[in-house]
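Text of target_38.txt, listed as compact mmCIF, N, CA and C atoms:
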# COMPACT_ATOMS: atom_id res chain seq x y z
N MET A 1 145.73 98.56 209.88
CA MET A 1 144.52 99.25 210.29
C MET A 1 143.32 98.42 209.88
N LYS A 2 142.40 98.23 210.77
CA LYS A 2 141.21 97.44 210.52
C LYS A 2 140.19 98.28 209.75
N SER A 3 139.61 97.69 208.70
CA SER A 3 138.60 98.44 207.96
C SER A 3 137.29 98.40 208.71
N GLY A 4 136.47 99.40 208.46
CA GLY A 4 135.17 99.47 209.13
C GLY A 4 134.82 100.89 209.45
N LEU A 5 133.71 101.06 210.10
CA LEU A 5 133.19 102.37 210.40
C LEU A 5 133.69 102.84 211.75
N ALA A 6 134.25 104.03 211.78
CA ALA A 6 134.77 104.58 213.03
C ALA A 6 134.41 106.05 213.11
N PHE A 7 133.20 106.35 213.57
CA PHE A 7 132.78 107.73 213.72
C PHE A 7 133.09 108.20 215.13
N PRO A 8 133.51 109.44 215.28
CA PRO A 8 133.78 109.97 216.62
C PRO A 8 132.48 110.14 217.40
N ASP A 9 132.61 110.29 218.71
CA ASP A 9 131.44 110.41 219.58
C ASP A 9 130.49 111.52 219.17
N TRP A 10 131.03 112.66 218.69
CA TRP A 10 130.16 113.78 218.36
C TRP A 10 129.26 113.48 217.17
N ALA A 11 129.55 112.42 216.43
CA ALA A 11 128.72 112.07 215.27
C ALA A 11 127.40 111.43 215.68
N TYR A 12 127.26 111.16 216.95
CA TYR A 12 126.04 110.55 217.46
C TYR A 12 125.40 111.44 218.50
N LYS A 13 124.09 111.23 218.71
CA LYS A 13 123.39 111.97 219.76
C LYS A 13 123.87 111.46 221.12
N PRO A 14 123.77 112.28 222.16
CA PRO A 14 124.14 111.82 223.49
C PRO A 14 123.31 110.61 223.91
N GLU A 15 123.89 109.77 224.73
CA GLU A 15 123.21 108.55 225.19
C GLU A 15 121.87 108.83 225.84
N SER A 16 121.73 109.97 226.50
CA SER A 16 120.51 110.26 227.24
C SER A 16 119.36 110.73 226.34
N SER A 17 119.66 111.06 225.10
CA SER A 17 118.61 111.58 224.22
C SER A 17 117.75 110.45 223.66
N PRO A 18 116.49 110.76 223.33
CA PRO A 18 115.64 109.74 222.71
C PRO A 18 116.26 109.33 221.38
N GLY A 19 116.20 108.05 221.08
CA GLY A 19 116.79 107.58 219.83
C GLY A 19 118.30 107.71 219.84
N SER A 20 118.92 107.49 221.00
CA SER A 20 120.35 107.69 221.13
C SER A 20 121.13 106.85 220.12
N ARG A 21 122.32 107.31 219.85
CA ARG A 21 123.26 106.69 218.91
C ARG A 21 122.76 106.74 217.47
N GLN A 22 121.77 107.59 217.20
CA GLN A 22 121.35 107.76 215.81
C GLN A 22 122.39 108.61 215.10
N ILE A 23 122.51 108.37 213.85
CA ILE A 23 123.55 109.05 213.08
C ILE A 23 123.21 110.49 212.76
N GLN A 24 124.22 111.22 212.38
CA GLN A 24 124.06 112.60 211.94
C GLN A 24 123.57 112.62 210.49
N LEU A 25 123.07 113.76 210.07
CA LEU A 25 122.51 113.92 208.73
C LEU A 25 123.52 113.59 207.64
N TRP A 26 124.78 114.03 207.78
CA TRP A 26 125.77 113.78 206.73
C TRP A 26 126.01 112.29 206.55
N HIS A 27 125.98 111.54 207.63
CA HIS A 27 126.17 110.09 207.56
C HIS A 27 124.95 109.44 206.89
N PHE A 28 123.76 109.92 207.25
CA PHE A 28 122.52 109.44 206.64
C PHE A 28 122.55 109.66 205.13
N ILE A 29 123.01 110.83 204.70
CA ILE A 29 123.10 111.13 203.27
C ILE A 29 124.06 110.16 202.58
N LEU A 30 125.19 109.88 203.21
CA LEU A 30 126.12 108.90 202.63
C LEU A 30 125.47 107.53 202.52
N GLU A 31 124.66 107.17 203.52
CA GLU A 31 123.94 105.89 203.45
C GLU A 31 123.01 105.85 202.25
N LEU A 32 122.23 106.92 202.06
CA LEU A 32 121.32 106.98 200.92
C LEU A 32 122.08 106.89 199.61
N LEU A 33 123.19 107.59 199.53
CA LEU A 33 123.98 107.62 198.29
C LEU A 33 124.55 106.25 197.93
N GLN A 34 124.78 105.40 198.92
CA GLN A 34 125.36 104.10 198.61
C GLN A 34 124.31 103.07 198.21
N LYS A 35 123.04 103.38 198.43
CA LYS A 35 121.97 102.41 198.14
C LYS A 35 121.33 102.70 196.79
N GLU A 36 121.35 101.71 195.94
CA GLU A 36 120.83 101.86 194.59
C GLU A 36 119.34 102.23 194.56
N GLU A 37 118.57 101.76 195.52
CA GLU A 37 117.13 102.03 195.51
C GLU A 37 116.78 103.50 195.74
N PHE A 38 117.77 104.32 196.13
CA PHE A 38 117.51 105.74 196.35
C PHE A 38 118.10 106.63 195.26
N ARG A 39 118.59 106.05 194.19
CA ARG A 39 119.22 106.85 193.12
C ARG A 39 118.25 107.81 192.44
N HIS A 40 116.96 107.52 192.51
CA HIS A 40 115.98 108.44 191.93
C HIS A 40 115.72 109.63 192.85
N VAL A 41 116.20 109.54 194.09
CA VAL A 41 115.97 110.57 195.12
C VAL A 41 117.23 111.41 195.34
N ILE A 42 118.38 110.74 195.37
CA ILE A 42 119.66 111.39 195.63
C ILE A 42 120.75 110.57 194.93
N ALA A 43 121.68 111.25 194.29
CA ALA A 43 122.70 110.50 193.54
C ALA A 43 123.99 111.30 193.46
N TRP A 44 125.09 110.55 193.28
CA TRP A 44 126.37 111.20 193.03
C TRP A 44 126.29 111.93 191.70
N GLN A 45 126.91 113.07 191.61
CA GLN A 45 126.96 113.86 190.38
C GLN A 45 128.11 113.31 189.55
N GLN A 46 127.84 112.86 188.36
CA GLN A 46 128.88 112.27 187.52
C GLN A 46 129.94 113.31 187.17
N GLY A 47 131.18 112.87 187.26
CA GLY A 47 132.30 113.72 186.89
C GLY A 47 132.84 114.60 187.99
N GLU A 48 132.16 114.66 189.12
CA GLU A 48 132.62 115.51 190.23
C GLU A 48 132.76 114.66 191.49
N TYR A 49 133.99 114.40 191.89
CA TYR A 49 134.24 113.57 193.06
C TYR A 49 133.64 114.19 194.32
N GLY A 50 132.78 113.44 194.98
CA GLY A 50 132.19 113.89 196.24
C GLY A 50 130.95 114.75 196.08
N GLU A 51 130.60 115.10 194.85
CA GLU A 51 129.44 115.97 194.63
C GLU A 51 128.19 115.11 194.43
N PHE A 52 127.10 115.54 195.04
CA PHE A 52 125.84 114.82 194.89
C PHE A 52 124.70 115.80 194.70
N VAL A 53 123.64 115.30 194.09
CA VAL A 53 122.46 116.12 193.84
C VAL A 53 121.25 115.47 194.51
N ILE A 54 120.47 116.28 195.18
CA ILE A 54 119.23 115.81 195.79
C ILE A 54 118.15 116.00 194.73
N LYS A 55 117.74 114.89 194.12
CA LYS A 55 116.79 114.93 193.02
C LYS A 55 115.36 115.17 193.50
N ASP A 56 115.05 114.67 194.68
CA ASP A 56 113.71 114.83 195.25
C ASP A 56 113.87 115.32 196.69
N PRO A 57 114.01 116.62 196.88
CA PRO A 57 114.25 117.18 198.22
C PRO A 57 113.18 116.82 199.24
N ASP A 58 111.92 116.80 198.82
CA ASP A 58 110.85 116.47 199.75
C ASP A 58 110.95 115.02 200.24
N GLU A 59 111.34 114.12 199.34
CA GLU A 59 111.46 112.71 199.72
C GLU A 59 112.67 112.50 200.64
N VAL A 60 113.78 113.16 200.36
CA VAL A 60 114.95 113.05 201.24
C VAL A 60 114.59 113.57 202.63
N ALA A 61 113.87 114.69 202.69
CA ALA A 61 113.44 115.24 203.98
C ALA A 61 112.49 114.29 204.69
N ARG A 62 111.58 113.67 203.93
CA ARG A 62 110.65 112.71 204.54
C ARG A 62 111.40 111.51 205.12
N LEU A 63 112.36 110.99 204.36
CA LEU A 63 113.16 109.85 204.84
C LEU A 63 113.95 110.22 206.09
N TRP A 64 114.53 111.42 206.11
CA TRP A 64 115.28 111.89 207.27
C TRP A 64 114.35 112.06 208.47
N GLY A 65 113.18 112.62 208.23
CA GLY A 65 112.19 112.78 209.30
C GLY A 65 111.74 111.45 209.87
N ARG A 66 111.56 110.47 209.00
CA ARG A 66 111.18 109.13 209.47
C ARG A 66 112.30 108.53 210.31
N ARG A 67 113.53 108.69 209.86
CA ARG A 67 114.68 108.13 210.58
C ARG A 67 114.81 108.76 211.97
N LYS A 68 114.53 110.07 212.06
CA LYS A 68 114.67 110.79 213.32
C LYS A 68 113.37 110.87 214.12
N CYS A 69 112.32 110.20 213.63
CA CYS A 69 111.00 110.23 214.29
C CYS A 69 110.47 111.66 214.39
N LYS A 70 110.64 112.41 213.31
CA LYS A 70 110.16 113.80 213.24
C LYS A 70 109.31 113.95 211.98
N PRO A 71 108.02 113.63 212.10
CA PRO A 71 107.15 113.66 210.91
C PRO A 71 106.98 115.03 210.28
N GLN A 72 107.30 116.10 210.99
CA GLN A 72 107.15 117.46 210.44
C GLN A 72 108.38 117.92 209.65
N MET A 73 109.35 117.03 209.46
CA MET A 73 110.56 117.39 208.73
C MET A 73 110.22 117.79 207.30
N ASN A 74 110.86 118.84 206.83
CA ASN A 74 110.71 119.26 205.44
C ASN A 74 112.08 119.68 204.91
N TYR A 75 112.15 120.01 203.62
CA TYR A 75 113.45 120.33 203.05
C TYR A 75 114.04 121.61 203.62
N ASP A 76 113.19 122.56 203.99
CA ASP A 76 113.69 123.80 204.59
C ASP A 76 114.47 123.50 205.87
N LYS A 77 113.92 122.63 206.70
CA LYS A 77 114.60 122.26 207.96
C LYS A 77 115.85 121.43 207.67
N LEU A 78 115.74 120.52 206.71
CA LEU A 78 116.88 119.68 206.37
C LEU A 78 118.03 120.53 205.81
N SER A 79 117.72 121.49 204.95
CA SER A 79 118.78 122.33 204.38
C SER A 79 119.43 123.21 205.44
N ARG A 80 118.66 123.60 206.44
CA ARG A 80 119.23 124.36 207.56
C ARG A 80 120.26 123.49 208.29
N ALA A 81 119.93 122.22 208.46
CA ALA A 81 120.86 121.29 209.11
C ALA A 81 122.11 121.08 208.25
N LEU A 82 121.93 121.04 206.94
CA LEU A 82 123.08 120.89 206.04
C LEU A 82 124.03 122.07 206.16
N ARG A 83 123.47 123.27 206.30
CA ARG A 83 124.31 124.47 206.41
C ARG A 83 125.21 124.43 207.65
N TYR A 84 124.79 123.71 208.68
CA TYR A 84 125.60 123.54 209.88
C TYR A 84 126.95 122.89 209.53
N TYR A 85 126.95 122.05 208.51
CA TYR A 85 128.17 121.33 208.14
C TYR A 85 129.15 122.18 207.32
N TYR A 86 128.71 123.34 206.83
CA TYR A 86 129.61 124.19 206.05
C TYR A 86 130.82 124.62 206.88
N ASN A 87 130.57 125.14 208.10
CA ASN A 87 131.66 125.59 208.96
C ASN A 87 132.55 124.45 209.43
N LYS A 88 131.97 123.26 209.55
CA LYS A 88 132.77 122.10 209.95
C LYS A 88 133.53 121.52 208.77
N ARG A 89 133.27 122.09 207.60
CA ARG A 89 133.93 121.67 206.36
C ARG A 89 133.68 120.21 206.02
N ILE A 90 132.54 119.69 206.42
CA ILE A 90 132.16 118.32 206.05
C ILE A 90 131.62 118.33 204.62
N LEU A 91 130.84 119.36 204.30
CA LEU A 91 130.33 119.52 202.95
C LEU A 91 130.04 120.99 202.68
N HIS A 92 129.79 121.31 201.44
CA HIS A 92 129.41 122.68 201.08
C HIS A 92 128.44 122.64 199.90
N LYS A 93 127.72 123.72 199.74
CA LYS A 93 126.78 123.87 198.64
C LYS A 93 127.58 124.17 197.38
N THR A 94 127.17 123.55 196.28
CA THR A 94 127.81 123.83 195.00
C THR A 94 127.14 125.05 194.38
N LYS A 95 127.91 126.09 194.17
CA LYS A 95 127.37 127.35 193.64
C LYS A 95 126.79 127.15 192.24
N GLY A 96 125.63 127.76 192.04
CA GLY A 96 125.01 127.73 190.73
C GLY A 96 124.28 126.45 190.37
N LYS A 97 124.26 125.48 191.28
CA LYS A 97 123.58 124.21 191.02
C LYS A 97 122.56 123.97 192.13
N ARG A 98 121.32 123.90 191.76
CA ARG A 98 120.25 123.73 192.73
C ARG A 98 120.28 122.33 193.35
N PHE A 99 120.12 122.26 194.67
CA PHE A 99 120.07 121.01 195.44
C PHE A 99 121.34 120.17 195.27
N THR A 100 122.46 120.83 195.01
CA THR A 100 123.71 120.11 194.79
C THR A 100 124.73 120.51 195.85
N TYR A 101 125.36 119.49 196.44
CA TYR A 101 126.32 119.68 197.52
C TYR A 101 127.55 118.83 197.22
N LYS A 102 128.62 119.13 197.94
CA LYS A 102 129.85 118.37 197.75
C LYS A 102 130.48 118.06 199.09
N PHE A 103 130.79 116.78 199.30
CA PHE A 103 131.50 116.36 200.50
C PHE A 103 132.96 116.75 200.39
N ASN A 104 133.55 117.12 201.50
CA ASN A 104 134.97 117.42 201.57
C ASN A 104 135.67 116.15 202.03
N PHE A 105 135.98 115.28 201.08
CA PHE A 105 136.58 114.01 201.43
C PHE A 105 138.00 114.14 201.95
N SER A 106 138.61 115.33 201.88
CA SER A 106 139.92 115.49 202.50
C SER A 106 139.79 115.48 204.02
N LYS A 107 138.56 115.68 204.53
CA LYS A 107 138.31 115.60 205.97
C LYS A 107 137.76 114.24 206.36
N LEU A 108 137.53 113.41 205.38
CA LEU A 108 137.05 112.05 205.62
C LEU A 108 138.10 111.11 205.05
N ILE A 109 138.54 110.18 205.84
CA ILE A 109 139.55 109.24 205.38
C ILE A 109 138.85 107.95 204.99
N VAL A 110 139.19 107.44 203.85
CA VAL A 110 138.62 106.20 203.38
C VAL A 110 139.53 105.07 203.81
N VAL A 111 138.96 104.09 204.50
CA VAL A 111 139.72 102.95 204.99
C VAL A 111 139.42 101.76 204.08
N ASN A 112 140.47 101.12 203.61
CA ASN A 112 140.31 99.93 202.78
C ASN A 112 139.40 100.22 201.60
N TYR A 113 139.71 101.24 200.85
CA TYR A 113 138.87 101.73 199.75
C TYR A 113 138.85 100.73 198.59
N PRO A 114 137.70 100.10 198.35
CA PRO A 114 137.61 99.25 197.17
C PRO A 114 137.09 100.06 195.99
N LEU A 115 137.42 99.69 194.80
CA LEU A 115 136.87 100.39 193.65
C LEU A 115 135.44 99.94 193.38
N GLY A 116 134.97 99.02 194.16
CA GLY A 116 133.58 98.59 194.03
C GLY A 116 133.42 97.49 193.00
N GLU A 117 132.35 96.76 193.14
CA GLU A 117 132.04 95.70 192.19
C GLU A 117 131.24 96.32 191.06
N ARG A 118 131.63 96.00 189.86
CA ARG A 118 130.96 96.60 188.72
C ARG A 118 130.76 95.53 187.66
N LYS A 119 129.55 95.47 187.15
CA LYS A 119 129.25 94.52 186.09
C LYS A 119 129.62 95.14 184.74
N GLU A 120 129.92 94.29 183.80
CA GLU A 120 130.26 94.74 182.45
C GLU A 120 129.16 95.65 181.90
N GLY A 121 129.52 96.83 181.44
CA GLY A 121 128.56 97.76 180.86
C GLY A 121 127.75 98.56 181.85
N ASP A 122 128.04 98.42 183.14
CA ASP A 122 127.29 99.16 184.17
C ASP A 122 127.88 100.56 184.30
N THR A 123 127.22 101.55 183.72
CA THR A 123 127.73 102.91 183.78
C THR A 123 127.29 103.63 185.04
N ALA A 124 126.29 103.09 185.75
CA ALA A 124 125.80 103.74 186.98
C ALA A 124 126.89 103.78 188.04
N ASN A 125 127.77 102.78 188.06
CA ASN A 125 128.85 102.73 189.05
C ASN A 125 130.17 103.20 188.46
N ARG A 126 130.11 103.94 187.37
CA ARG A 126 131.32 104.39 186.70
C ARG A 126 132.20 105.22 187.62
N TYR A 127 131.59 106.01 188.47
CA TYR A 127 132.33 106.83 189.41
C TYR A 127 132.23 106.18 190.77
N CYS A 128 133.29 105.54 191.19
CA CYS A 128 133.26 104.77 192.43
C CYS A 128 133.52 105.67 193.63
N PHE A 129 132.75 105.48 194.65
CA PHE A 129 132.88 106.24 195.88
C PHE A 129 132.93 105.26 197.04
N PRO A 130 133.50 105.68 198.14
CA PRO A 130 133.59 104.78 199.28
C PRO A 130 132.23 104.43 199.83
N LYS A 131 132.14 103.24 200.39
CA LYS A 131 130.93 102.86 201.10
C LYS A 131 130.96 103.53 202.46
N VAL A 132 129.79 103.78 203.03
CA VAL A 132 129.72 104.45 204.33
C VAL A 132 130.52 103.69 205.37
N SER A 133 130.49 102.37 205.31
CA SER A 133 131.18 101.58 206.31
C SER A 133 132.69 101.66 206.18
N GLU A 134 133.19 102.35 205.18
CA GLU A 134 134.63 102.44 204.97
C GLU A 134 135.17 103.85 205.13
N ILE A 135 134.41 104.70 205.83
CA ILE A 135 134.81 106.09 206.00
C ILE A 135 134.98 106.40 207.48
N ILE A 136 136.03 107.11 207.81
CA ILE A 136 136.18 107.63 209.16
C ILE A 136 136.39 109.14 209.05
N VAL A 137 136.06 109.83 210.09
CA VAL A 137 136.21 111.29 210.11
C VAL A 137 137.61 111.62 210.59
N TRP A 138 138.20 112.64 209.98
CA TRP A 138 139.53 113.06 210.37
C TRP A 138 139.59 114.57 210.39
N GLY A 139 140.29 115.11 211.35
CA GLY A 139 140.51 116.55 211.37
C GLY A 139 140.23 117.14 212.73
N SER A 140 141.06 118.06 213.13
CA SER A 140 140.91 118.67 214.46
C SER A 140 139.79 119.68 214.51
N ASP A 141 139.28 120.11 213.34
CA ASP A 141 138.23 121.11 213.35
C ASP A 141 136.84 120.50 213.47
N PHE A 142 136.76 119.20 213.65
CA PHE A 142 135.48 118.54 213.87
C PHE A 142 135.20 118.51 215.35
N GLY A 143 133.98 118.66 215.71
CA GLY A 143 133.62 118.59 217.13
C GLY A 143 132.23 119.11 217.36
N PRO A 144 131.78 119.03 218.58
CA PRO A 144 130.41 119.46 218.87
C PRO A 144 130.22 120.95 218.70
I'd like the structure from this file rewritten - as structure tokens, please.
Amino acid sequence: MKSGLAFPDWAYKPESSPGSRQIQLWHFILELLQKEEFRHVIAWQQGEYGEFVIKDPDEVARLWGRRKCKPQMNYDKLSRALRYYYNKRILHKTKGKRFTYKFNFSKLIVVNYPLGERKEGDTANRYCFPKVSEIIVWGSDFGP
């Protein structure tokens, strides 16, 4: 099996829409989580596989709005979009923890999963997670 990114068609906007082939919110979140420069905004929750915390909800919403060319984006709208993924079992809200969500990686298959490059004494990468480019979606309950 070749490693790389393989998202199904429903993960992208239709070709006819403005900004076609733009990614879905869950994929965008995975992108942010893999980039060190956004760790002050959104980060993996240590000790919980697949769980992440949105440290700066307004900034995450602003970044999402910029990506989608929607300057009026705010966290209320972004969280509404996140709730759409609950029924698809892509992610869910972590009860009792504010701005904390968890990906259901049993519905996402990791291809060619590396443990990541880690420098001696680097505790930030202590909990290794797949890179966005190494995840594919799996499951019959996914769809438009």
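With only N, CA and C atoms as the atoms that count, the minimum distance from Ala81 in chain A to the choices A:Ile54, A:Glu37, A:Trp26, A:Arg67 is reached by A:Trp26.
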### Task
Give the strand (DSSP E or B) residues of range 51-99 of chain A, as DSSP finds them on the backbone, and put them as an MDAnalysis selection string.
chainID A and resid 51:54 91:93
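From atom C of Glu36 in chain A back to atom N of Tyr49 in chain A, the distance works out to 19.2 Å.
Note that atom N of Asn104 in chain A and atom N of His92 in chain A are 5.6 Å apart.
Between CA of Gln45 in chain A and CA of Met73 in chain A the separation is 24.9 Å.
With distances restricted to only N, CA and C atoms, A:Val41 is the closest residue to Val53 in chain A from A:Phe103, A:Arg66, A:Val41, A:Lys95.
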### Residue with smallest distance to Gln46 in chain A - pool A:Gly65, A:Val60, A:Lys102, A:Tyr75, counting only C-alpha atoms
A:Lys102
#### Entry: Among listed residues A:Phe38, A:Tyr85, A:Trp64, A:Tyr101, nearest Gly50 in chain A (using only N, CA and C atoms)
A:Tyr101
